[in-house]
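Structure file run35.txt; described as compact mmCIF, C-alpha atoms and all ligand atoms.
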# COMPACT_ATOMS: atom_id res chain seq x y z
CA MET A 1 0.00 0.00 0.00
CA ALA A 2 1.60 3.25 -1.08
CA ALA A 3 2.08 5.67 1.81
CA ILE A 4 0.60 8.50 -0.22
CA THR A 5 -2.51 8.13 -2.37
CA TYR A 6 -4.56 10.72 -4.23
CA GLU A 7 -8.36 10.55 -4.27
CA HIS A 8 -9.96 12.62 -7.05
CA ILE A 9 -13.35 13.88 -5.89
CA LYS A 10 -14.46 16.08 -8.81
CA THR A 11 -13.32 18.49 -11.51
CA CYS A 12 -14.80 22.00 -11.61
CA LYS A 13 -16.93 22.24 -14.77
CA GLN A 14 -16.17 25.94 -15.15
CA SER A 15 -12.39 25.99 -14.59
CA GLY A 16 -10.97 22.47 -14.87
CA ALA A 17 -9.63 22.78 -11.30
CA ARG A 18 -9.86 19.60 -9.25
CA LEU A 19 -11.10 18.79 -5.78
CA GLY A 20 -9.31 15.92 -4.09
CA ARG A 21 -7.83 14.34 -1.00
CA VAL A 22 -4.25 13.27 -0.36
CA HIS A 23 -4.18 10.32 2.06
CA THR A 24 -1.04 10.05 4.22
CA PRO A 25 0.02 8.00 7.28
CA HIS A 26 -0.78 11.04 9.48
CA GLY A 27 -4.12 11.97 7.97
CA VAL A 28 -5.93 13.46 5.01
CA ILE A 29 -5.21 16.71 3.14
CA GLU A 30 -8.19 18.33 1.37
CA THR A 31 -6.94 19.79 -1.92
CA PRO A 32 -6.31 22.34 -3.34
CA ALA A 33 -4.38 23.05 -0.13
CA PHE A 34 -2.01 25.68 1.20
CA MET A 35 0.79 24.33 3.42
CA PRO A 36 2.17 26.67 6.13
CA VAL A 37 5.97 26.61 6.19
CA GLY A 38 7.73 25.53 9.40
CA THR A 39 11.33 25.63 8.19
CA GLN A 40 13.07 24.89 11.51
CA ALA A 41 10.43 22.55 12.98
CA THR A 42 8.09 25.39 13.87
CA VAL A 43 5.70 27.58 11.89
CA LYS A 44 7.19 30.78 13.24
CA THR A 45 5.31 32.10 16.33
CA MET A 46 2.42 29.62 15.92
CA SER A 47 1.61 26.67 18.25
CA PRO A 48 0.34 23.35 16.82
CA GLU A 49 -2.99 24.05 18.57
CA GLU A 50 -3.35 27.38 16.76
CA LEU A 51 -2.51 25.73 13.44
CA LYS A 52 -5.23 23.15 14.11
CA GLU A 53 -7.63 25.94 15.12
CA MET A 54 -7.23 27.44 11.64
CA ASP A 55 -7.52 23.92 10.18
CA ALA A 56 -4.04 23.54 8.65
CA HIS A 57 -3.94 19.94 7.40
CA ILE A 58 -0.23 19.73 6.64
CA ILE A 59 2.91 21.77 7.31
CA LEU A 60 6.32 21.94 5.69
CA SER A 61 9.75 21.61 7.21
CA ASN A 62 13.24 21.70 5.76
CA THR A 63 15.93 19.04 5.38
CA TYR A 64 18.70 21.61 4.86
CA HIS A 65 17.95 23.58 8.02
CA LEU A 66 17.36 20.57 10.32
CA PHE A 67 20.46 18.82 8.92
CA LEU A 68 22.52 21.85 9.97
CA ARG A 69 20.65 22.46 13.23
CA PRO A 70 19.88 20.59 15.51
CA GLY A 71 21.06 17.70 13.27
CA HIS A 72 18.79 14.94 11.99
CA ASP A 73 20.24 12.44 14.46
CA ILE A 74 18.80 14.41 17.37
CA VAL A 75 15.38 14.53 15.71
CA ARG A 76 15.56 10.80 15.03
CA GLU A 77 16.49 10.09 18.67
CA ALA A 78 13.55 12.27 19.74
CA GLY A 79 11.29 9.85 17.86
CA GLY A 80 11.06 11.83 14.61
CA LEU A 81 9.80 15.27 13.62
CA HIS A 82 6.12 14.70 14.52
CA LYS A 83 7.09 13.86 18.11
CA PHE A 84 9.85 16.49 18.31
CA MET A 85 7.50 19.35 17.33
CA ASN A 86 4.29 17.86 18.74
CA TRP A 87 2.47 17.86 15.36
CA ASP A 88 0.44 14.71 14.69
CA ARG A 89 -0.87 15.70 11.25
CA PRO A 90 1.01 15.30 7.92
CA ILE A 91 4.46 16.84 7.42
CA LEU A 92 6.18 17.43 4.08
CA THR A 93 9.94 18.02 4.10
CA ASP A 94 11.71 19.82 1.32
CA SER A 95 14.93 18.11 0.28
CA GLY A 96 17.45 20.84 0.84
CA GLY A 97 18.58 21.13 -2.74
CA PHE A 98 16.91 24.47 -3.24
CA GLN A 99 18.06 25.82 0.13
CA VAL A 100 21.70 24.99 -0.58
CA PHE A 101 21.51 27.03 -3.77
CA SER A 102 19.70 29.93 -2.19
CA LEU A 103 21.20 30.09 1.30
CA SER A 104 24.84 29.12 1.18
CA ASP A 105 27.53 30.49 -1.06
CA MET A 106 30.92 28.73 -1.33
CA ARG A 107 29.27 25.72 -2.87
CA LYS A 108 30.40 23.20 -5.47
CA ILE A 109 27.91 21.10 -7.43
CA THR A 110 29.17 17.70 -8.60
CA GLU A 111 27.43 14.59 -9.96
CA GLU A 112 27.85 13.12 -6.48
CA GLY A 113 26.12 15.98 -4.66
CA VAL A 114 26.73 19.49 -3.33
CA HIS A 115 29.64 20.58 -1.16
CA PHE A 116 28.87 23.82 0.68
CA ARG A 117 29.56 25.78 3.82
CA SER A 118 26.93 26.06 6.51
CA HIS A 119 25.33 29.52 6.46
CA LEU A 120 25.33 29.27 10.28
CA ASN A 121 29.01 28.79 11.05
CA GLY A 122 30.86 28.19 7.79
CA ASP A 123 31.44 24.49 8.52
CA LYS A 124 32.07 22.36 5.41
CA LYS A 125 28.97 20.28 4.61
CA PHE A 126 27.85 17.83 1.92
CA LEU A 127 24.34 17.05 0.69
CA SER A 128 23.50 14.40 -1.89
CA PRO A 129 20.45 12.34 -2.87
CA GLU A 130 21.54 9.65 -0.39
CA VAL A 131 22.20 12.13 2.45
CA ALA A 132 18.93 14.00 1.76
CA MET A 133 17.04 10.69 1.97
CA GLU A 134 18.89 9.63 5.15
CA VAL A 135 17.94 12.96 6.74
CA GLN A 136 14.29 12.80 5.64
CA ASN A 137 13.98 9.18 6.78
CA SER A 138 15.35 10.28 10.17
CA LEU A 139 12.80 13.10 10.30
CA GLY A 140 10.06 10.62 9.42
CA SER A 141 8.07 13.04 7.26
CA ASP A 142 5.00 11.73 5.42
CA ILE A 143 5.97 13.35 2.12
CA MET A 144 9.66 13.63 1.18
CA MET A 145 11.05 15.63 -1.71
CA ALA A 146 13.69 14.33 -4.10
CA PHE A 147 17.06 16.10 -4.01
CA ASP A 148 17.09 18.51 -6.94
CA GLU A 149 18.78 21.58 -8.31
CA CYS A 150 16.60 24.64 -8.74
CA PRO A 151 18.42 26.56 -11.50
CA PRO A 152 18.72 30.32 -11.03
CA PHE A 153 16.56 32.63 -13.14
CA PRO A 154 17.35 33.57 -15.81
CA ALA A 155 19.51 30.63 -16.85
CA GLU A 156 20.98 29.54 -20.17
CA TYR A 157 19.22 26.72 -22.07
CA ASP A 158 22.25 24.42 -21.95
CA TYR A 159 22.73 24.98 -18.21
CA VAL A 160 19.06 24.20 -17.51
CA LYS A 161 19.20 21.09 -19.70
CA LYS A 162 22.29 19.68 -17.97
CA SER A 163 20.82 20.60 -14.58
CA LEU A 164 17.49 18.85 -15.17
CA GLU A 165 19.24 15.73 -16.46
CA ARG A 166 21.30 15.59 -13.27
CA THR A 167 18.16 16.25 -11.20
CA THR A 168 16.59 13.23 -12.91
CA ARG A 169 19.61 11.04 -12.09
CA TRP A 170 19.46 12.35 -8.51
CA ALA A 171 15.75 11.49 -8.30
CA GLU A 172 16.55 7.91 -9.29
CA ARG A 173 19.21 7.72 -6.57
CA CYS A 174 16.66 9.05 -4.05
CA LEU A 175 14.22 6.28 -4.99
CA LYS A 176 16.95 3.67 -4.59
CA SER A 177 18.13 4.93 -1.21
CA HIS A 178 14.68 5.34 0.37
CA ALA A 179 14.42 3.37 3.64
CA ARG A 180 10.73 2.58 2.90
CA PRO A 181 10.99 1.31 -0.70
CA ASN A 182 7.47 0.03 -1.22
CA ASP A 183 5.39 2.44 0.83
CA GLN A 184 7.55 5.51 0.23
CA GLY A 185 6.08 8.99 0.07
CA LEU A 186 8.75 10.44 -2.20
CA PHE A 187 7.71 13.20 -4.63
CA ALA A 188 9.86 13.97 -7.66
CA ILE A 189 10.44 17.59 -8.70
CA VAL A 190 10.02 18.65 -12.33
CA GLN A 191 12.54 21.27 -13.40
CA GLY A 192 13.42 22.68 -16.85
CA GLY A 193 13.31 26.44 -16.23
CA MET A 194 11.12 28.44 -18.61
CA TYR A 195 11.83 26.16 -21.59
CA GLU A 196 8.85 24.09 -22.77
CA ASP A 197 10.86 21.29 -24.33
CA LEU A 198 12.99 20.97 -21.19
CA ARG A 199 9.93 20.91 -18.93
CA ARG A 200 8.53 18.16 -21.18
CA GLN A 201 11.81 16.21 -20.96
CA SER A 202 11.98 16.53 -17.17
CA ALA A 203 8.32 15.49 -16.72
CA ALA A 204 8.65 12.53 -19.11
CA ASP A 205 11.82 11.25 -17.39
CA LEU A 206 10.32 11.53 -13.90
CA THR A 207 6.82 10.23 -14.63
CA SER A 208 8.40 7.14 -16.20
CA MET A 209 9.80 6.35 -12.74
CA ASP A 210 6.34 6.26 -11.13
CA PHE A 211 6.57 8.44 -7.98
CA PRO A 212 3.49 8.78 -5.71
CA GLY A 213 3.41 12.53 -6.37
CA TYR A 214 5.03 15.24 -8.47
CA ALA A 215 6.16 18.77 -7.70
CA ILE A 216 6.86 21.61 -10.09
CA GLY A 217 10.06 23.35 -8.99
CA GLY A 218 12.02 26.22 -10.41
CA LEU A 219 9.09 28.63 -10.61
CA SER A 220 8.39 31.77 -8.60
CA VAL A 221 12.12 32.44 -8.90
CA GLY A 222 11.80 35.98 -10.22
CA GLU A 223 9.96 35.42 -13.49
CA SER A 224 6.77 37.39 -14.17
CA LYS A 225 3.45 35.94 -12.99
CA GLN A 226 2.36 35.69 -16.62
CA LEU A 227 5.43 33.62 -17.52
CA MET A 228 4.86 31.37 -14.49
CA TYR A 229 1.25 30.74 -15.58
CA GLU A 230 2.43 30.06 -19.15
CA VAL A 231 4.87 27.41 -17.90
CA LEU A 232 2.11 25.91 -15.73
CA ASP A 233 -0.27 25.81 -18.72
CA TYR A 234 1.94 23.28 -20.48
CA THR A 235 3.61 21.59 -17.49
CA VAL A 236 0.67 20.61 -15.25
CA PRO A 237 -1.02 18.50 -17.98
CA LEU A 238 2.20 16.43 -18.27
CA LEU A 239 1.71 15.15 -14.71
CA PRO A 240 -0.45 12.07 -14.00
CA GLN A 241 -4.12 12.84 -13.18
CA GLY A 242 -4.15 10.25 -10.38
CA LYS A 243 -1.30 11.75 -8.37
CA PRO A 244 -0.94 14.94 -6.31
CA ARG A 245 0.63 17.97 -8.02
CA TYR A 246 2.58 20.39 -5.84
CA LEU A 247 3.74 23.85 -6.96
CA MET A 248 6.72 24.76 -4.79
CA GLY A 249 7.31 28.21 -3.29
CA VAL A 250 4.02 29.67 -4.48
CA GLY A 251 1.60 31.37 -2.23
CA SER A 252 0.34 34.86 -3.06
CA PRO A 253 -3.48 34.86 -3.27
CA ASP A 254 -3.62 35.40 -7.03
CA ALA A 255 -1.02 32.66 -7.68
CA LEU A 256 -2.95 30.22 -5.46
CA LEU A 257 -6.12 30.92 -7.47
CA GLU A 258 -4.42 30.75 -10.87
CA GLY A 259 -2.50 27.61 -9.87
CA SER A 260 -5.67 25.87 -8.61
CA ILE A 261 -7.45 26.75 -11.85
CA ARG A 262 -4.60 25.06 -13.76
CA GLY A 263 -4.96 21.84 -11.76
CA VAL A 264 -2.37 22.26 -8.98
CA ASP A 265 -3.31 20.53 -5.70
CA MET A 266 -0.69 21.70 -3.16
CA PHE A 267 1.15 24.97 -2.51
CA ASP A 268 3.66 26.27 0.02
CA CYS A 269 5.11 29.72 0.58
CA VAL A 270 6.84 31.67 3.35
CA LEU A 271 5.10 34.87 2.18
CA PRO A 272 2.24 34.96 4.73
CA THR A 273 4.50 34.34 7.72
CA ARG A 274 7.39 36.45 6.43
CA ILE A 275 5.43 39.62 5.60
CA ALA A 276 3.47 39.29 8.87
CA ARG A 277 6.68 39.85 10.78
CA ASN A 278 7.03 43.32 9.31
CA GLY A 279 3.38 44.19 9.85
CA THR A 280 2.07 43.50 6.35
CA THR A 281 -1.22 41.62 6.18
CA MET A 282 -3.48 40.13 3.54
CA THR A 283 -7.10 41.21 3.90
CA SER A 284 -10.25 40.80 1.80
CA GLN A 285 -9.69 44.42 0.65
CA GLY A 286 -6.12 43.67 -0.42
CA ARG A 287 -2.71 44.09 1.19
CA LEU A 288 -2.79 46.23 4.35
CA VAL A 289 0.40 47.46 6.02
CA VAL A 290 -0.94 47.78 9.55
CA ARG A 291 2.25 49.44 10.88
CA ASN A 292 1.32 52.45 8.72
CA ALA A 293 0.65 55.68 10.68
CA LYS A 294 -2.83 56.01 9.19
CA TYR A 295 -4.00 53.11 11.41
CA ALA A 296 -2.85 54.77 14.68
CA ARG A 297 -6.45 55.59 15.67
CA ASP A 298 -8.23 52.93 13.63
CA PHE A 299 -10.09 50.92 16.29
CA GLY A 300 -11.78 48.59 13.82
CA PRO A 301 -10.72 45.00 13.04
CA LEU A 302 -7.84 44.26 10.69
CA ASP A 303 -10.26 42.70 8.19
CA PRO A 304 -14.01 43.36 8.74
CA GLU A 305 -14.83 40.22 6.74
CA CYS A 306 -12.54 37.93 8.73
CA ASN A 307 -13.64 35.91 11.77
CA CYS A 308 -10.19 34.81 12.91
CA TYR A 309 -8.92 35.21 16.50
CA THR A 310 -6.97 38.37 15.58
CA CYS A 311 -9.88 40.07 13.80
CA ARG A 312 -12.40 39.14 16.50
CA ASN A 313 -10.37 40.48 19.43
CA TYR A 314 -7.94 43.23 18.41
CA SER A 315 -7.96 46.54 16.52
CA ARG A 316 -5.69 47.87 13.79
CA ALA A 317 -4.49 50.50 16.26
CA TYR A 318 -3.45 47.86 18.76
CA LEU A 319 -1.71 45.75 16.09
CA ARG A 320 0.12 48.83 14.79
CA HIS A 321 1.24 49.67 18.34
CA LEU A 322 2.56 46.14 18.98
CA ILE A 323 4.43 45.98 15.68
CA LYS A 324 5.97 49.44 16.20
CA ALA A 325 6.94 48.46 19.73
CA ASP A 326 8.48 45.28 18.36
CA GLU A 327 6.26 43.24 20.70
CA THR A 328 6.30 39.52 19.90
CA PHE A 329 2.55 39.27 20.44
CA GLY A 330 2.11 41.57 17.43
CA LEU A 331 3.98 39.13 15.19
CA ARG A 332 1.83 36.29 16.48
CA LEU A 333 -1.41 38.16 15.73
CA THR A 334 -0.44 39.18 12.17
CA THR A 335 0.95 35.71 11.44
CA TYR A 336 -2.20 34.07 12.78
CA HIS A 337 -4.35 36.27 10.53
CA ASN A 338 -2.25 35.82 7.36
CA LEU A 339 -2.16 32.04 7.68
CA HIS A 340 -5.88 31.93 8.47
CA PHE A 341 -6.50 34.17 5.43
CA LEU A 342 -4.75 31.80 3.00
CA LEU A 343 -6.18 28.64 4.57
CA ASP A 344 -9.63 30.24 4.40
CA LEU A 345 -9.03 31.26 0.78
CA MET A 346 -8.27 27.62 -0.10
CA ARG A 347 -11.45 26.55 1.75
CA LYS A 348 -13.40 28.96 -0.47
CA VAL A 349 -11.57 27.62 -3.54
CA ARG A 350 -12.64 24.06 -2.65
CA GLU A 351 -16.23 25.31 -2.13
CA ALA A 352 -16.18 27.06 -5.52
CA ILE A 353 -14.95 23.87 -7.23
CA LYS A 354 -17.81 21.94 -5.60
CA GLU A 355 -20.21 24.53 -7.08
CA ASP A 356 -18.45 24.59 -10.50
CA ARG A 357 -17.81 28.33 -10.24
CA LEU A 358 -14.08 28.81 -9.54
CA LEU A 359 -13.59 31.34 -12.38
CA ASP A 360 -16.47 33.45 -11.03
CA PHE A 361 -14.94 33.20 -7.54
CA ARG A 362 -11.56 34.32 -8.86
CA ASP A 363 -13.12 37.38 -10.54
CA GLU A 364 -15.08 38.27 -7.39
CA PHE A 365 -11.93 37.88 -5.26
CA PHE A 366 -9.77 40.05 -7.57
CA ALA A 367 -12.47 42.73 -7.84
CA LYS A 368 -12.18 43.28 -4.09
CA TYR A 369 -8.57 42.31 -3.50
CA GLY A 370 -6.86 43.94 -6.45
CA LEU A 371 -3.84 42.27 -7.98
CA TYR A 372 -1.15 41.29 -5.49
CA ASP A 373 1.82 43.56 -6.05
CA ASN A 374 4.44 40.85 -5.73
C1 LIG B 401 12.10 31.88 -4.51
C2 LIG B 401 10.92 31.09 -3.95
C3 LIG B 401 11.32 30.34 -2.68
C4 LIG B 401 9.72 31.99 -3.71
O1 LIG B 401 10.45 30.11 -4.91
C5 LIG B 401 11.29 29.20 -5.48
O2 LIG B 401 12.47 29.21 -5.33
N1 LIG B 401 10.59 28.26 -6.16
C6 LIG B 401 11.20 26.98 -6.41
C7 LIG B 401 11.31 26.16 -5.19
C8 LIG B 401 10.85 26.49 -3.93
N2 LIG B 401 11.16 25.48 -3.06
C9 LIG B 401 11.83 24.50 -3.74
N3 LIG B 401 12.32 23.34 -3.27
C10 LIG B 401 12.97 22.51 -4.14
N4 LIG B 401 13.48 21.35 -3.68
N5 LIG B 401 13.12 22.84 -5.47
C11 LIG B 401 12.63 24.01 -6.00
O3 LIG B 401 12.76 24.27 -7.20
C12 LIG B 401 11.95 24.88 -5.08

For this file, write the structure as structure tokens.
Amino acid sequence: MAAITYEHIKTCKQSGARLGRVHTPHGVIETPAFMPVGTQATVKTMSPEELKEMDAHIILSNTYHLFLRPGHDIVREAGGLHKFMNWDRPILTDSGGFQVFSLSDMRKITEEGVHFRSHLNGDKKFLSPEVAMEVQNSLGSDIMMAFDECPPFPAEYDYVKKSLERTTRWAERCLKSHARPNDQGLFAIVQGGMYEDLRRQSAADLTSMDFPGYAIGGLSVGESKQLMYEVLDYTVPLLPQGKPRYLMGVGSPDALLEGSIRGVDMFDCVLPTRIARNGTTMTSQGRLVVRNAKYARDFGPLDPECNCYTCRNYSRAYLRHLIKADETFGLRLTTYHNLHFLLDLMRKVREAIKEDRLLDFRDEFFAKYGLYDN
């Protein structure tokens, strides 16, 4: 029995988006789903209880970060990541490939793997498909990501081609070194940059190896939204209907809507938690920078249409004060709201698919929200 199975519930007649469920050893994920990011074994400033309160079904954590600190052996000795962080629902761990390329300089990519220096203390480190799988097996995540290279953007055609071919060879090595060969929850990551023929090559190579799920990597790396949607238009249909499709690093409201419409099932992004920490929030009326002076005497809720803990109990004036005073509680309240906002948006997306009206919902949402400016 595969550890991860996808149950297709229905396809939206108006948009082609799909409603489904991803079954994992730690529970079910209703899709399309947004996954809060908990890079270092915590979704910054949130408790597991609060994440359950807002009905997060699955969270993300990171191989690269936990490998460097506290070390995957400690997490394994603690009984795995679920026990260590007291989260009994599904966990997806990213493989570290991307983080090595984006976080540490002084690195050397070879066929074997990547030699780099820790961004924490400069120590020499090495990550490879085998090490990434050893770490993820120690963490005990439900969904593991293959070790890949996310090419920079823009990148030359030849570089992207060589990179995706190595990523495919690395994916094969991940499959071989998985500790749970027959019930593994290993997702492959389709690369290929912004080149249609390379995306097709990457998807064909990886789908021929029959993974339980497929991610689309290498997007949201600085290209325009329009170019990202163009790449999705021809890449998503290359992925098997009966498996989950995960678009990595994508999470602004408009991208979640446009990705769902194109048949993506799972999304993750640090945006909601990251911008919350500098007092920027997502509301039904669009982006609202609550630290702005104009909210000093605004005693209304952050978002009048939101029923989350923050919006039910605190005013914009209070939030602005806390953020300006650098009070930790302020970060918690804006983070809580932003995560609730995206999780609630995905709930409405699933509702709209049930009612075959996701395109109408998108237009209604944009009319009020305005286009996200990043
Ligand atoms: C710049 C941001 C993070 C917004 O997006 C991307 O880089 N998007 C791509 C991305 C995010 N996470 C990944 N993990 C892995 N293994 N591979 C990837 O390509 C990616």

From the options A:Ile109, A:Val114, A:Ile189, A:Ala171, which residue's atoms come nearest to ligand LIG 401 (chain B), counting all atoms listed in the file?
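Smallest separation from ligand LIG 401 (chain B) among the options: A:Ile189.
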
Surrounding residues as an NGL selection string, ligand LIG 401 (chain B), max 9 Å, only C-alpha atoms and all ligand atoms:
:A and (94-99 or 102 or 145-152 or 189-191 or 215-222 or 247-251 or 268-271)

With C-alpha atoms retained, write the just-selected residues as a CSV table (one decimal), in the coordinates of the input.
chain,number,residue,atom,x,y,z
A,94,ASP,CA,11.7,19.8,1.3
A,95,SER,CA,14.9,18.1,0.3
A,96,GLY,CA,17.4,20.8,0.8
A,97,GLY,CA,18.6,21.1,-2.7
A,98,PHE,CA,16.9,24.5,-3.2
A,99,GLN,CA,18.1,25.8,0.1
A,102,SER,CA,19.7,29.9,-2.2
A,145,MET,CA,11.0,15.6,-1.7
A,146,ALA,CA,13.7,14.3,-4.1
A,147,PHE,CA,17.1,16.1,-4.0
A,148,ASP,CA,17.1,18.5,-6.9
A,149,GLU,CA,18.8,21.6,-8.3
A,150,CYS,CA,16.6,24.6,-8.7
A,151,PRO,CA,18.4,26.6,-11.5
A,152,PRO,CA,18.7,30.3,-11.0
A,189,ILE,CA,10.4,17.6,-8.7
A,190,VAL,CA,10.0,18.6,-12.3
A,191,GLN,CA,12.5,21.3,-13.4
A,215,ALA,CA,6.2,18.8,-7.7
A,216,ILE,CA,6.9,21.6,-10.1
A,217,GLY,CA,10.1,23.4,-9.0
A,218,GLY,CA,12.0,26.2,-10.4
A,219,LEU,CA,9.1,28.6,-10.6
A,220,SER,CA,8.4,31.8,-8.6
A,221,VAL,CA,12.1,32.4,-8.9
A,222,GLY,CA,11.8,36.0,-10.2
A,247,LEU,CA,3.7,23.8,-7.0
A,248,MET,CA,6.7,24.8,-4.8
A,249,GLY,CA,7.3,28.2,-3.3
A,250,VAL,CA,4.0,29.7,-4.5
A,251,GLY,CA,1.6,31.4,-2.2
A,268,ASP,CA,3.7,26.3,0.0
A,269,CYS,CA,5.1,29.7,0.6
A,270,VAL,CA,6.8,31.7,3.4
A,271,LEU,CA,5.1,34.9,2.2

Between CA of Met54 (chain A) and CA of His340 (chain A), measure the distance and give it in Å to one decimal.
5.7 Å

Interatomic distance (Å, one decimal) between CA of Thr5 (chain A) and CA of Val28 (chain A):
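Separating CA of Thr5 (chain A) from CA of Val28 (chain A) is a distance of 9.7 Å.
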
Any idea what the distance is between CA of Gly193 (chain A) and CA of Glu223 (chain A)?
10.0 Å

In file coordinates, which residues lie within 12 Å of (-22.0, 21.9, -13.1) using only C-alpha atoms, given as a list in words?
Lys10, Thr11, Cys12, Lys13, Gln14, Ser15, Gly16, Ala352, Ile353, Lys354, Glu355, Asp356, Arg357 and Leu358 of chain A

With a distance cut-off of 12 Å and only C-alpha atoms, select the neighbouring residues of region 347-349 of chain A, excluding the residue or stretch itself and same-chain residues fewer than 6 positions from it, and output the selection as a JSON list (two decimals) with C-alpha atoms, in the coordinates of the input.
[["chain", "number", "residue", "atom", "x", "y", "z"],
["A", 12, "CYS", "CA", -14.80, 22.00, -11.61],
["A", 15, "SER", "CA", -12.39, 25.99, -14.59],
["A", 17, "ALA", "CA", -9.63, 22.78, -11.30],
["A", 18, "ARG", "CA", -9.86, 19.60, -9.25],
["A", 19, "LEU", "CA", -11.10, 18.79, -5.78],
["A", 20, "GLY", "CA", -9.31, 15.92, -4.09],
["A", 29, "ILE", "CA", -5.21, 16.71, 3.14],
["A", 30, "GLU", "CA", -8.19, 18.33, 1.37],
["A", 31, "THR", "CA", -6.94, 19.79, -1.92],
["A", 32, "PRO", "CA", -6.31, 22.34, -3.34],
["A", 33, "ALA", "CA", -4.38, 23.05, -0.13],
["A", 34, "PHE", "CA", -2.01, 25.68, 1.20],
["A", 54, "MET", "CA", -7.23, 27.44, 11.64],
["A", 55, "ASP", "CA", -7.52, 23.92, 10.18],
["A", 56, "ALA", "CA", -4.04, 23.54, 8.65],
["A", 57, "HIS", "CA", -3.94, 19.94, 7.40],
["A", 253, "PRO", "CA", -3.48, 34.86, -3.27],
["A", 254, "ASP", "CA", -3.62, 35.40, -7.03],
["A", 256, "LEU", "CA", -2.95, 30.22, -5.46],
["A", 257, "LEU", "CA", -6.12, 30.92, -7.47],
["A", 258, "GLU", "CA", -4.42, 30.75, -10.87],
["A", 259, "GLY", "CA", -2.50, 27.61, -9.87],
["A", 260, "SER", "CA", -5.67, 25.87, -8.61],
["A", 261, "ILE", "CA", -7.45, 26.75, -11.85],
["A", 264, "VAL", "CA", -2.37, 22.26, -8.98],
["A", 265, "ASP", "CA", -3.31, 20.53, -5.70],
["A", 340, "HIS", "CA", -5.88, 31.93, 8.47],
["A", 341, "PHE", "CA", -6.50, 34.17, 5.43],
["A", 355, "GLU", "CA", -20.21, 24.53, -7.08],
["A", 356, "ASP", "CA", -18.45, 24.59, -10.50],
["A", 357, "ARG", "CA", -17.81, 28.33, -10.24],
["A", 358, "LEU", "CA", -14.08, 28.81, -9.54],
["A", 359, "LEU", "CA", -13.59, 31.34, -12.38],
["A", 360, "ASP", "CA", -16.47, 33.45, -11.03],
["A", 361, "PHE", "CA", -14.94, 33.20, -7.54],
["A", 362, "ARG", "CA", -11.56, 34.32, -8.86],
["A", 364, "GLU", "CA", -15.08, 38.27, -7.39],
["A", 365, "PHE", "CA", -11.93, 37.88, -5.26]]

Can you tell me, as a list in words, which residues sit within 12 Å of (-3.4, 27.3, 18.2) in the file's frame, using all atoms listed in the file?
Val43, Thr45, Met46, Ser47, Pro48, Glu49, Glu50, Leu51, Lys52, Glu53, Met54, Asp55, Ala56, Trp87, Cys308, Tyr309, Thr310, Arg332, Leu333, Thr335, Tyr336, His337, Leu339 and His340 of chain A

If you count all atoms listed in the file, which residues fall within 8 Å of Gln184 (chain A), apart from same-chain ones fewer than 3 positions away, as a PDB file with C-alpha atoms, keeping the file's coordinate frame?
ATOM      1  CA  ALA A   2       1.600   3.250  -1.080  1.00  0.00           C
ATOM      2  CA  ALA A   3       2.080   5.670   1.810  1.00  0.00           C
ATOM      3  CA  ILE A   4       0.600   8.500  -0.220  1.00  0.00           C
ATOM      4  CA  HIS A 178      14.680   5.340   0.370  1.00  0.00           C
ATOM      5  CA  ALA A 179      14.420   3.370   3.640  1.00  0.00           C
ATOM      6  CA  ARG A 180      10.730   2.580   2.900  1.00  0.00           C
ATOM      7  CA  PRO A 181      10.990   1.310  -0.700  1.00  0.00           C
ATOM      8  CA  PRO A 212       3.490   8.780  -5.710  1.00  0.00           C
TER       9      PRO A 212
END

Return as JSON the box centre and box size in Å, one decimal, for an axis-aligned box around all listed atoms of region 214-218 of chain A padded by 5 Å per side.
{"center_x": 8.5, "center_y": 20.7, "center_z": -9.1, "size_x": 17.0, "size_y": 21.0, "size_z": 12.7}

Residue neighbourhood Ser284 (chain A), 10 Å, only C-alpha atoms, exclusion window fewer than 3 positions, as a PyMOL selection string:
chain A and resi 287-288+302-306+341+345+365-366+368-370

For a quick check of understanding, using only C-alpha atoms, which of A:Met194, A:Leu227, A:Met209, A:Val22 has the smallest distance to Phe153 (chain A)?
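So, comparing all the options, the nearest one is A:Met194.
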
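Compared by their closest atoms to Phe67 (chain A), and using only C-alpha atoms, the residues A:Asp183, A:Asp344, A:Glu134, A:Asp326 rank with A:Glu134 nearest.
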
Compile the contact shell of Pro237 (chain A) as JSON, numbers by chain: residues with an atom at most 10 Å away, counting all atoms listed in the file, same-chain residues fewer than 2 positions apart removed.
{"A": [203, 232, 233, 234, 235, 239, 240, 241, 262, 263, 264]}
